[in-house]
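> Sharing work_17.txt, compact mmCIF, N, CA and C atoms:
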```
# COMPACT_ATOMS: atom_id res chain seq x y z
N MET A 1214 154.66 81.69 126.90
CA MET A 1214 155.51 81.94 125.75
C MET A 1214 155.48 83.44 125.42
N ALA A 1215 156.65 84.00 125.20
CA ALA A 1215 156.76 85.42 124.90
C ALA A 1215 156.27 85.71 123.48
N SER A 1216 155.65 86.87 123.32
CA SER A 1216 155.18 87.28 121.99
C SER A 1216 156.37 87.74 121.15
N PRO A 1217 156.20 87.79 119.83
CA PRO A 1217 157.30 88.25 118.98
C PRO A 1217 157.81 89.65 119.35
N ILE A 1218 156.92 90.57 119.70
CA ILE A 1218 157.39 91.91 120.05
C ILE A 1218 158.17 91.88 121.37
N GLU A 1219 157.78 91.01 122.30
CA GLU A 1219 158.56 90.87 123.54
C GLU A 1219 159.95 90.31 123.26
N LEU A 1220 160.03 89.35 122.35
CA LEU A 1220 161.33 88.80 121.96
C LEU A 1220 162.17 89.86 121.25
N ALA A 1221 161.53 90.65 120.40
CA ALA A 1221 162.26 91.72 119.70
C ALA A 1221 162.76 92.76 120.70
N LEU A 1222 161.95 93.08 121.69
CA LEU A 1222 162.39 94.03 122.73
C LEU A 1222 163.57 93.47 123.51
N ALA A 1223 163.56 92.17 123.79
CA ALA A 1223 164.69 91.55 124.49
C ALA A 1223 165.95 91.66 123.64
N GLU A 1224 165.82 91.45 122.33
CA GLU A 1224 166.96 91.59 121.42
C GLU A 1224 167.44 93.04 121.39
N ALA A 1225 166.52 93.99 121.42
CA ALA A 1225 166.89 95.41 121.41
C ALA A 1225 167.64 95.77 122.70
N ARG A 1226 167.16 95.28 123.82
CA ARG A 1226 167.86 95.56 125.09
C ARG A 1226 169.26 94.96 125.09
N ALA A 1227 169.39 93.75 124.56
CA ALA A 1227 170.71 93.12 124.47
C ALA A 1227 171.63 93.91 123.55
N ALA A 1228 171.09 94.44 122.46
CA ALA A 1228 171.88 95.27 121.55
C ALA A 1228 172.37 96.51 122.28
N ALA A 1229 171.49 97.15 123.03
CA ALA A 1229 171.88 98.35 123.78
C ALA A 1229 172.99 98.03 124.76
N ALA A 1230 172.91 96.90 125.42
CA ALA A 1230 173.94 96.49 126.39
C ALA A 1230 175.29 96.29 125.71
N ARG A 1231 175.27 95.99 124.41
CA ARG A 1231 176.51 95.82 123.64
C ARG A 1231 176.98 97.14 123.02
N GLY A 1232 176.22 98.22 123.25
CA GLY A 1232 176.58 99.51 122.68
C GLY A 1232 176.03 99.75 121.29
N GLU A 1233 175.11 98.90 120.88
CA GLU A 1233 174.46 99.04 119.57
C GLU A 1233 173.16 99.82 119.73
N VAL A 1234 172.72 100.47 118.66
CA VAL A 1234 171.40 101.11 118.69
C VAL A 1234 170.38 100.02 119.01
N PRO A 1235 169.53 100.25 120.01
CA PRO A 1235 168.63 99.19 120.49
C PRO A 1235 167.44 98.91 119.58
N VAL A 1236 167.70 98.10 118.57
CA VAL A 1236 166.64 97.62 117.69
C VAL A 1236 166.74 96.10 117.67
N GLY A 1237 165.60 95.46 117.82
CA GLY A 1237 165.54 94.00 117.77
C GLY A 1237 164.50 93.55 116.77
N ALA A 1238 164.71 92.37 116.20
CA ALA A 1238 163.80 91.83 115.20
C ALA A 1238 163.64 90.33 115.38
N VAL A 1239 162.46 89.84 115.01
CA VAL A 1239 162.13 88.42 115.09
C VAL A 1239 161.37 88.04 113.83
N VAL A 1240 161.68 86.88 113.28
CA VAL A 1240 160.93 86.34 112.14
C VAL A 1240 160.21 85.09 112.63
N THR A 1241 158.89 85.07 112.43
CA THR A 1241 158.08 83.92 112.81
C THR A 1241 157.40 83.36 111.56
N ASP A 1242 157.13 82.05 111.60
CA ASP A 1242 156.42 81.43 110.47
C ASP A 1242 154.91 81.55 110.68
N ALA A 1243 154.15 80.96 109.78
CA ALA A 1243 152.69 81.07 109.82
C ALA A 1243 152.09 80.50 111.10
N ALA A 1244 152.78 79.52 111.70
CA ALA A 1244 152.29 78.92 112.94
C ALA A 1244 152.75 79.70 114.17
N GLY A 1245 153.56 80.73 113.97
CA GLY A 1245 154.05 81.53 115.08
C GLY A 1245 155.37 81.05 115.66
N ALA A 1246 155.96 80.04 115.06
CA ALA A 1246 157.26 79.54 115.53
C ALA A 1246 158.35 80.52 115.16
N VAL A 1247 159.27 80.75 116.08
CA VAL A 1247 160.38 81.67 115.82
C VAL A 1247 161.40 80.98 114.93
N LEU A 1248 161.68 81.59 113.79
CA LEU A 1248 162.69 81.08 112.87
C LEU A 1248 164.05 81.73 113.14
N ALA A 1249 164.01 83.02 113.53
CA ALA A 1249 165.25 83.75 113.79
C ALA A 1249 164.95 84.99 114.60
N ARG A 1250 165.96 85.44 115.32
CA ARG A 1250 165.86 86.69 116.08
C ARG A 1250 167.23 87.32 116.14
N ALA A 1251 167.25 88.65 116.16
CA ALA A 1251 168.54 89.35 116.15
C ALA A 1251 168.38 90.76 116.67
N GLY A 1252 169.48 91.30 117.12
CA GLY A 1252 169.58 92.71 117.48
C GLY A 1252 170.60 93.34 116.56
N ASN A 1253 170.61 94.66 116.52
CA ASN A 1253 171.59 95.35 115.68
C ASN A 1253 173.01 94.90 116.01
N GLU A 1254 173.83 94.77 114.97
CA GLU A 1254 175.24 94.42 115.14
C GLU A 1254 176.12 95.28 114.23
N VAL A 1255 175.67 96.47 113.95
CA VAL A 1255 176.39 97.38 113.05
C VAL A 1255 177.79 97.68 113.56
N GLU A 1256 177.91 98.02 114.84
CA GLU A 1256 179.21 98.38 115.41
C GLU A 1256 180.12 97.16 115.52
N ALA A 1257 179.58 96.08 116.02
CA ALA A 1257 180.40 94.88 116.23
C ALA A 1257 180.94 94.32 114.92
N ARG A 1258 180.13 94.37 113.87
CA ARG A 1258 180.55 93.81 112.58
C ARG A 1258 181.22 94.84 111.67
N HIS A 1259 181.18 96.11 112.09
CA HIS A 1259 181.69 97.19 111.23
C HIS A 1259 180.99 97.12 109.87
N ASP A 1260 179.67 96.93 109.95
CA ASP A 1260 178.86 96.69 108.75
C ASP A 1260 177.57 97.49 108.86
N PRO A 1261 177.43 98.56 108.08
CA PRO A 1261 176.22 99.37 108.17
C PRO A 1261 174.94 98.65 107.74
N SER A 1262 175.07 97.48 107.15
CA SER A 1262 173.87 96.72 106.77
C SER A 1262 173.47 95.69 107.83
N ALA A 1263 174.19 95.63 108.94
CA ALA A 1263 173.91 94.62 109.96
C ALA A 1263 172.79 95.08 110.91
N HIS A 1264 171.70 95.54 110.29
CA HIS A 1264 170.52 95.92 111.08
C HIS A 1264 169.84 94.64 111.57
N ALA A 1265 169.12 94.75 112.66
CA ALA A 1265 168.44 93.60 113.25
C ALA A 1265 167.55 92.88 112.24
N GLU A 1266 166.81 93.65 111.44
CA GLU A 1266 165.90 93.05 110.46
C GLU A 1266 166.66 92.23 109.43
N MET A 1267 167.74 92.81 108.92
CA MET A 1267 168.54 92.13 107.90
C MET A 1267 169.09 90.82 108.44
N LEU A 1268 169.65 90.88 109.66
CA LEU A 1268 170.23 89.68 110.25
C LEU A 1268 169.17 88.61 110.50
N ALA A 1269 168.01 89.02 110.98
CA ALA A 1269 166.95 88.05 111.26
C ALA A 1269 166.40 87.43 109.98
N MET A 1270 166.18 88.25 108.95
CA MET A 1270 165.65 87.70 107.70
C MET A 1270 166.67 86.77 107.04
N ARG A 1271 167.94 87.15 107.06
CA ARG A 1271 168.98 86.28 106.49
C ARG A 1271 169.03 84.94 107.22
N ALA A 1272 168.98 85.01 108.55
CA ALA A 1272 169.05 83.79 109.35
C ALA A 1272 167.81 82.91 109.12
N ALA A 1273 166.64 83.52 109.01
CA ALA A 1273 165.42 82.75 108.78
C ALA A 1273 165.47 82.06 107.42
N ALA A 1274 165.93 82.77 106.40
CA ALA A 1274 166.05 82.17 105.07
C ALA A 1274 167.07 81.03 105.08
N ALA A 1275 168.18 81.24 105.77
CA ALA A 1275 169.21 80.19 105.85
C ALA A 1275 168.66 78.97 106.59
N ALA A 1276 167.92 79.20 107.66
CA ALA A 1276 167.37 78.09 108.44
C ALA A 1276 166.39 77.27 107.61
N ARG A 1277 165.67 77.94 106.75
CA ARG A 1277 164.70 77.25 105.90
C ARG A 1277 165.33 76.70 104.63
N GLY A 1278 166.48 77.22 104.26
CA GLY A 1278 167.06 76.85 102.98
C GLY A 1278 166.26 77.38 101.82
N ASN A 1279 165.64 78.55 102.03
CA ASN A 1279 164.77 79.14 101.01
C ASN A 1279 164.76 80.65 101.20
N LYS A 1280 164.97 81.38 100.12
CA LYS A 1280 164.99 82.84 100.20
C LYS A 1280 163.60 83.45 100.37
N ASN A 1281 162.57 82.67 100.14
CA ASN A 1281 161.20 83.16 100.20
C ASN A 1281 160.63 82.98 101.61
N LEU A 1282 160.28 84.10 102.22
CA LEU A 1282 159.67 84.08 103.56
C LEU A 1282 158.20 84.49 103.46
N GLY A 1283 157.54 84.01 102.43
CA GLY A 1283 156.18 84.42 102.10
C GLY A 1283 155.11 84.11 103.11
N ASP A 1284 155.35 83.21 104.03
CA ASP A 1284 154.36 82.93 105.07
C ASP A 1284 154.80 83.49 106.41
N CYS A 1285 155.82 84.35 106.39
CA CYS A 1285 156.44 84.81 107.65
C CYS A 1285 156.06 86.24 108.01
N THR A 1286 156.22 86.51 109.30
CA THR A 1286 156.05 87.85 109.84
C THR A 1286 157.38 88.33 110.39
N LEU A 1287 157.76 89.53 110.02
CA LEU A 1287 158.92 90.21 110.57
C LEU A 1287 158.42 91.18 111.61
N THR A 1288 158.83 90.99 112.86
CA THR A 1288 158.45 91.89 113.94
C THR A 1288 159.69 92.62 114.39
N VAL A 1289 159.63 93.95 114.43
CA VAL A 1289 160.80 94.76 114.75
C VAL A 1289 160.38 95.91 115.67
N THR A 1290 161.29 96.34 116.52
CA THR A 1290 160.96 97.37 117.50
C THR A 1290 160.89 98.77 116.92
N LEU A 1291 161.43 99.00 115.74
CA LEU A 1291 161.45 100.31 115.10
C LEU A 1291 161.04 100.17 113.65
N GLU A 1292 160.29 101.15 113.16
CA GLU A 1292 159.92 101.16 111.74
C GLU A 1292 161.15 100.89 110.88
N PRO A 1293 161.10 99.91 110.01
CA PRO A 1293 162.26 99.61 109.18
C PRO A 1293 162.70 100.78 108.32
N CYS A 1294 164.01 100.92 108.18
CA CYS A 1294 164.58 101.93 107.30
C CYS A 1294 164.32 101.52 105.85
N PRO A 1295 164.61 102.38 104.89
CA PRO A 1295 164.39 101.99 103.49
C PRO A 1295 165.11 100.71 103.08
N MET A 1296 166.34 100.51 103.54
CA MET A 1296 167.09 99.29 103.19
C MET A 1296 166.36 98.05 103.70
N CYS A 1297 165.94 98.08 104.94
CA CYS A 1297 165.29 96.91 105.54
C CYS A 1297 163.88 96.70 104.99
N ALA A 1298 163.19 97.79 104.71
CA ALA A 1298 161.85 97.67 104.12
C ALA A 1298 161.95 97.02 102.74
N GLN A 1299 162.92 97.45 101.95
CA GLN A 1299 163.11 96.87 100.62
C GLN A 1299 163.51 95.40 100.74
N ALA A 1300 164.39 95.09 101.70
CA ALA A 1300 164.81 93.70 101.89
C ALA A 1300 163.61 92.82 102.25
N ALA A 1301 162.72 93.32 103.10
CA ALA A 1301 161.52 92.55 103.47
C ALA A 1301 160.68 92.26 102.23
N SER A 1302 160.64 93.21 101.31
CA SER A 1302 159.92 93.00 100.05
C SER A 1302 160.61 91.93 99.21
N VAL A 1303 161.93 92.00 99.12
CA VAL A 1303 162.68 91.03 98.32
C VAL A 1303 162.58 89.62 98.92
N PHE A 1304 162.59 89.53 100.25
CA PHE A 1304 162.41 88.24 100.93
C PHE A 1304 160.95 87.78 100.85
N ARG A 1305 160.08 88.65 100.37
CA ARG A 1305 158.65 88.37 100.23
C ARG A 1305 157.96 88.09 101.56
N VAL A 1306 158.39 88.79 102.60
CA VAL A 1306 157.78 88.67 103.92
C VAL A 1306 156.29 88.98 103.80
N ARG A 1307 155.47 88.17 104.42
CA ARG A 1307 154.01 88.35 104.36
C ARG A 1307 153.56 89.59 105.13
N ARG A 1308 154.15 89.78 106.30
CA ARG A 1308 153.69 90.86 107.16
C ARG A 1308 154.86 91.48 107.91
N VAL A 1309 154.86 92.81 108.03
CA VAL A 1309 155.85 93.56 108.81
C VAL A 1309 155.10 94.22 109.96
N VAL A 1310 155.53 93.90 111.17
CA VAL A 1310 154.96 94.49 112.38
C VAL A 1310 156.07 95.27 113.06
N PHE A 1311 155.80 96.53 113.41
CA PHE A 1311 156.84 97.29 114.09
C PHE A 1311 156.28 98.09 115.25
N GLY A 1312 157.20 98.46 116.15
CA GLY A 1312 156.84 99.22 117.35
C GLY A 1312 156.83 100.71 117.12
N ALA A 1313 157.97 101.35 117.34
CA ALA A 1313 158.07 102.81 117.24
C ALA A 1313 158.12 103.26 115.79
N TYR A 1314 157.46 104.35 115.52
CA TYR A 1314 157.56 104.99 114.20
C TYR A 1314 158.88 105.75 114.15
N ASP A 1315 159.41 105.90 112.94
CA ASP A 1315 160.69 106.61 112.76
C ASP A 1315 160.53 107.70 111.71
N PRO A 1316 160.06 108.89 112.12
CA PRO A 1316 159.84 109.97 111.16
C PRO A 1316 161.12 110.41 110.43
N LYS A 1317 162.26 110.24 111.06
CA LYS A 1317 163.52 110.68 110.47
C LYS A 1317 164.12 109.63 109.52
N GLY A 1318 164.12 108.37 109.91
CA GLY A 1318 164.82 107.36 109.12
C GLY A 1318 163.97 106.21 108.63
N GLY A 1319 162.68 106.25 108.88
CA GLY A 1319 161.81 105.15 108.48
C GLY A 1319 161.64 105.07 106.97
N GLY A 1320 161.28 103.89 106.51
CA GLY A 1320 161.08 103.69 105.09
C GLY A 1320 159.75 103.06 104.75
N VAL A 1321 158.88 102.93 105.75
CA VAL A 1321 157.58 102.31 105.54
C VAL A 1321 156.48 103.37 105.57
N GLU A 1322 156.30 104.00 106.71
CA GLU A 1322 155.28 105.04 106.88
C GLU A 1322 155.87 106.44 106.69
N HIS A 1323 157.18 106.54 106.67
CA HIS A 1323 157.87 107.82 106.55
C HIS A 1323 158.92 107.74 105.45
N GLY A 1324 159.53 108.87 105.14
CA GLY A 1324 160.65 108.90 104.20
C GLY A 1324 160.31 108.30 102.85
N ALA A 1325 161.08 107.31 102.46
CA ALA A 1325 160.97 106.71 101.12
C ALA A 1325 159.66 105.99 100.87
N ARG A 1326 158.98 105.56 101.93
CA ARG A 1326 157.71 104.82 101.78
C ARG A 1326 157.82 103.76 100.69
N ILE A 1327 158.73 102.84 100.94
CA ILE A 1327 159.10 101.80 99.97
C ILE A 1327 157.89 101.07 99.39
N TYR A 1328 156.93 100.72 100.23
CA TYR A 1328 155.82 99.90 99.75
C TYR A 1328 154.82 100.68 98.91
N ALA A 1329 154.92 102.00 98.93
CA ALA A 1329 154.03 102.83 98.10
C ALA A 1329 154.64 103.11 96.72
N ALA A 1330 155.91 102.75 96.54
CA ALA A 1330 156.58 103.01 95.27
C ALA A 1330 156.10 102.04 94.19
N PRO A 1331 155.87 102.54 92.98
CA PRO A 1331 155.41 101.65 91.91
C PRO A 1331 156.44 100.56 91.55
N SER A 1332 157.69 100.78 91.91
CA SER A 1332 158.74 99.79 91.63
C SER A 1332 158.77 98.65 92.65
N CYS A 1333 157.97 98.74 93.70
CA CYS A 1333 157.94 97.70 94.73
C CYS A 1333 157.09 96.53 94.23
N HIS A 1334 157.73 95.38 94.04
CA HIS A 1334 157.04 94.22 93.47
C HIS A 1334 156.24 93.41 94.47
N HIS A 1335 156.63 93.46 95.73
CA HIS A 1335 155.89 92.73 96.76
C HIS A 1335 155.63 93.67 97.93
N VAL A 1336 154.37 93.85 98.27
CA VAL A 1336 153.98 94.73 99.36
C VAL A 1336 153.43 93.89 100.50
N PRO A 1337 154.15 93.85 101.63
CA PRO A 1337 153.65 93.09 102.76
C PRO A 1337 152.54 93.85 103.49
N GLU A 1338 151.78 93.11 104.25
CA GLU A 1338 150.84 93.75 105.17
C GLU A 1338 151.71 94.46 106.21
N VAL A 1339 151.28 95.65 106.66
CA VAL A 1339 152.06 96.42 107.63
C VAL A 1339 151.18 96.76 108.83
N VAL A 1340 151.73 96.51 110.03
CA VAL A 1340 151.07 96.89 111.28
C VAL A 1340 152.09 97.69 112.07
N GLY A 1341 151.83 98.95 112.31
CA GLY A 1341 152.76 99.80 113.05
C GLY A 1341 152.22 100.19 114.41
N GLY A 1342 153.11 100.62 115.28
CA GLY A 1342 152.72 101.15 116.58
C GLY A 1342 152.49 100.11 117.66
N VAL A 1343 152.98 98.88 117.48
CA VAL A 1343 152.80 97.82 118.47
C VAL A 1343 153.77 98.08 119.64
N ARG A 1344 153.22 98.33 120.79
CA ARG A 1344 154.01 98.69 121.98
C ARG A 1344 154.95 99.85 121.68
N GLU A 1345 154.39 100.78 120.94
CA GLU A 1345 155.14 101.94 120.46
C GLU A 1345 155.82 102.71 121.59
N GLY A 1346 155.12 102.94 122.68
CA GLY A 1346 155.70 103.70 123.79
C GLY A 1346 156.93 103.04 124.37
N GLU A 1347 156.85 101.76 124.60
CA GLU A 1347 157.97 101.00 125.17
C GLU A 1347 159.16 100.95 124.21
N CYS A 1348 158.87 100.72 122.95
CA CYS A 1348 159.93 100.66 121.94
C CYS A 1348 160.61 102.02 121.79
N GLY A 1349 159.82 103.07 121.74
CA GLY A 1349 160.36 104.41 121.61
C GLY A 1349 161.16 104.84 122.83
N ALA A 1350 160.67 104.48 124.01
CA ALA A 1350 161.37 104.85 125.24
C ALA A 1350 162.76 104.22 125.31
N LEU A 1351 162.87 103.00 124.84
CA LEU A 1351 164.16 102.31 124.83
C LEU A 1351 165.16 103.07 123.96
N LEU A 1352 164.72 103.51 122.80
CA LEU A 1352 165.59 104.28 121.89
C LEU A 1352 165.93 105.64 122.48
N ARG A 1353 164.94 106.34 123.03
CA ARG A 1353 165.21 107.67 123.61
C ARG A 1353 166.20 107.58 124.76
N ALA A 1354 166.05 106.59 125.62
CA ALA A 1354 166.97 106.42 126.75
C ALA A 1354 168.39 106.12 126.26
N PHE A 1355 168.51 105.32 125.24
CA PHE A 1355 169.83 104.98 124.69
C PHE A 1355 170.54 106.23 124.18
N PHE A 1356 169.83 107.04 123.39
CA PHE A 1356 170.45 108.23 122.82
C PHE A 1356 170.66 109.33 123.85
N ALA A 1357 169.77 109.44 124.83
CA ALA A 1357 169.94 110.44 125.89
C ALA A 1357 171.21 110.16 126.68
N ALA A 1358 171.52 108.90 126.89
CA ALA A 1358 172.73 108.53 127.65
C ALA A 1358 174.00 108.86 126.89
N ARG A 1359 173.90 109.06 125.59
CA ARG A 1359 175.07 109.36 124.77
C ARG A 1359 175.27 110.83 124.50
N ARG A 1360 174.36 111.65 124.96
CA ARG A 1360 174.45 113.10 124.72
C ARG A 1360 175.04 113.82 125.89
```
Please, can you express the file's structure as structure tokens?


Amino acid sequence: MASPIELALAEARAAAARGEVPVGAVVTDAAGAVLARAGNEVEARHDPSAHAEMLAMRAAAAARGNKNLGDCTLTVTLEPCPMCAQAASVFRVRRVVFGAYDPKGGGVEHGARIYAAPSCHHVPEVVGGVREGECGALLRAFFAARR
């Protein structure tokens, strides 16, 4: 059985093949069962909020019929941006696991640092740098091909 980060990487590769920024996300429950998985669909949907994390969390909540993902882990190939980090807080995700750090656009360890803000009502456990090299290489290759 593939790990959540392997599934997220597969989603990121599929996103890249569609011309999307290669970011993939997976939501698993406390038992490790996959509730939802997604890759970026910003270009296809003409929707700047169609990040992999947003799509996966929305799908997981819909599958459960509950907006609360309090026993779930969100695994994503790139440090969530401020929008996605805040959404994970609102969905009450228990844990956020990510691959590559994003010094320019991240919202967890960089930039807005959403979970450090006093206005953040729910702070998930955060684990960064999981297969960081592989996740980062996928993004670098995607952008290098476009320059």

> Using only C-alpha atoms, can you tell me which of A:Pro1331, A:Pro1295, A:Gly1319, A:Pro1337 comes closest to Leu1282 of chain A?

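Ranking A:Pro1331, A:Pro1295, A:Gly1319, A:Pro1337 by distance to Leu1282 of chain A, first place goes to A:Pro1337.
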
> List as a compact mmCIF listing (two decimals) with N, CA and C atoms, keeping the file's coordinate frame the protein and nucleic acid residues near Gly1341 of chain A, meaning an atom at most 8 Å away when only N, CA and C atoms are counted, but skip any in the same chain fewer than 6 places from it.


```
# COMPACT_ATOMS: atom_id res chain seq x y z
N GLU A 1292 160.29 101.15 113.16
CA GLU A 1292 159.92 101.16 111.74
C GLU A 1292 161.15 100.89 110.88
N VAL A 1309 154.86 92.81 108.03
CA VAL A 1309 155.85 93.56 108.81
C VAL A 1309 155.10 94.22 109.96
N VAL A 1310 155.53 93.90 111.17
CA VAL A 1310 154.96 94.49 112.38
C VAL A 1310 156.07 95.27 113.06
N PHE A 1311 155.80 96.53 113.41
CA PHE A 1311 156.84 97.29 114.09
C PHE A 1311 156.28 98.09 115.25
N GLY A 1312 157.20 98.46 116.15
CA GLY A 1312 156.84 99.22 117.35
C GLY A 1312 156.83 100.71 117.12
N ALA A 1313 157.97 101.35 117.34
CA ALA A 1313 158.07 102.81 117.24
C ALA A 1313 158.12 103.26 115.79
N TYR A 1314 157.46 104.35 115.52
CA TYR A 1314 157.56 104.99 114.20
C TYR A 1314 158.88 105.75 114.15
```

> Find, counting only C-alpha atoms, the residue in A:Ala1272, A:Leu1291, A:Ala1243, A:Lys1317 that gets nearest to Ala1350 of chain A.

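Of the candidates, the smallest distance to Ala1350 of chain A is held by A:Leu1291.
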
> Find the residues around Leu1268 of chain A up to 8 Å (only N, CA and C atoms counted), leave out those fewer than 2 positions away in its own chain, and share them as a list in words.

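Non-adjacent residues within range: Ala1238, Ala1249, Arg1250, Ala1251, Gly1252, Asn1253, Glu1254, Ser1262, Ala1263, His1264, Ala1265, Glu1266, Met1270, Arg1271, Ala1272, Ala1273 and Ala1274 of chain A.
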
> Would you output that residue set with N, CA and C atoms, as a PDB file, in the frame of the given file?


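Generated output (out02.pdb):
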```pdb
ATOM      1  N   ALA A1238     164.710  92.370 116.200  1.00  0.00           N
ATOM      2  CA  ALA A1238     163.800  91.830 115.200  1.00  0.00           C
ATOM      3  C   ALA A1238     163.640  90.330 115.380  1.00  0.00           C
ATOM      4  N   ALA A1249     164.010  83.020 113.530  1.00  0.00           N
ATOM      5  CA  ALA A1249     165.250  83.750 113.790  1.00  0.00           C
ATOM      6  C   ALA A1249     164.950  84.990 114.600  1.00  0.00           C
ATOM      7  N   ARG A1250     165.960  85.440 115.320  1.00  0.00           N
ATOM      8  CA  ARG A1250     165.860  86.690 116.080  1.00  0.00           C
ATOM      9  C   ARG A1250     167.230  87.320 116.140  1.00  0.00           C
ATOM     10  N   ALA A1251     167.250  88.650 116.160  1.00  0.00           N
ATOM     11  CA  ALA A1251     168.540  89.350 116.150  1.00  0.00           C
ATOM     12  C   ALA A1251     168.380  90.760 116.670  1.00  0.00           C
ATOM     13  N   GLY A1252     169.480  91.300 117.120  1.00  0.00           N
ATOM     14  CA  GLY A1252     169.580  92.710 117.480  1.00  0.00           C
ATOM     15  C   GLY A1252     170.600  93.340 116.560  1.00  0.00           C
ATOM     16  N   ASN A1253     170.610  94.660 116.520  1.00  0.00           N
ATOM     17  CA  ASN A1253     171.590  95.350 115.680  1.00  0.00           C
ATOM     18  C   ASN A1253     173.010  94.900 116.010  1.00  0.00           C
ATOM     19  N   GLU A1254     173.830  94.770 114.970  1.00  0.00           N
ATOM     20  CA  GLU A1254     175.240  94.420 115.140  1.00  0.00           C
ATOM     21  C   GLU A1254     176.120  95.280 114.230  1.00  0.00           C
ATOM     22  N   SER A1262     175.070  97.480 107.150  1.00  0.00           N
ATOM     23  CA  SER A1262     173.870  96.720 106.770  1.00  0.00           C
ATOM     24  C   SER A1262     173.470  95.690 107.830  1.00  0.00           C
ATOM     25  N   ALA A1263     174.190  95.630 108.940  1.00  0.00           N
ATOM     26  CA  ALA A1263     173.910  94.620 109.960  1.00  0.00           C
ATOM     27  C   ALA A1263     172.790  95.080 110.910  1.00  0.00           C
ATOM     28  N   HIS A1264     171.700  95.540 110.290  1.00  0.00           N
ATOM     29  CA  HIS A1264     170.520  95.920 111.080  1.00  0.00           C
ATOM     30  C   HIS A1264     169.840  94.640 111.570  1.00  0.00           C
ATOM     31  N   ALA A1265     169.120  94.750 112.660  1.00  0.00           N
ATOM     32  CA  ALA A1265     168.440  93.600 113.250  1.00  0.00           C
ATOM     33  C   ALA A1265     167.550  92.880 112.240  1.00  0.00           C
ATOM     34  N   GLU A1266     166.810  93.650 111.440  1.00  0.00           N
ATOM     35  CA  GLU A1266     165.900  93.050 110.460  1.00  0.00           C
ATOM     36  C   GLU A1266     166.660  92.230 109.430  1.00  0.00           C
ATOM     37  N   MET A1270     166.180  88.250 108.950  1.00  0.00           N
ATOM     38  CA  MET A1270     165.650  87.700 107.700  1.00  0.00           C
ATOM     39  C   MET A1270     166.670  86.770 107.040  1.00  0.00           C
ATOM     40  N   ARG A1271     167.940  87.150 107.060  1.00  0.00           N
ATOM     41  CA  ARG A1271     168.980  86.280 106.490  1.00  0.00           C
ATOM     42  C   ARG A1271     169.030  84.940 107.220  1.00  0.00           C
ATOM     43  N   ALA A1272     168.980  85.010 108.550  1.00  0.00           N
ATOM     44  CA  ALA A1272     169.050  83.790 109.350  1.00  0.00           C
ATOM     45  C   ALA A1272     167.810  82.910 109.120  1.00  0.00           C
ATOM     46  N   ALA A1273     166.640  83.520 109.010  1.00  0.00           N
ATOM     47  CA  ALA A1273     165.420  82.750 108.780  1.00  0.00           C
ATOM     48  C   ALA A1273     165.470  82.060 107.420  1.00  0.00           C
ATOM     49  N   ALA A1274     165.930  82.770 106.400  1.00  0.00           N
ATOM     50  CA  ALA A1274     166.050  82.170 105.070  1.00  0.00           C
ATOM     51  C   ALA A1274     167.070  81.030 105.080  1.00  0.00           C
TER      52      ALA A1274
END
```

> What is the distance, in Å and to one decimal place, between atom CA of His1323 of chain A and atom CA of Pro1293 of chain A?

9.7 Å
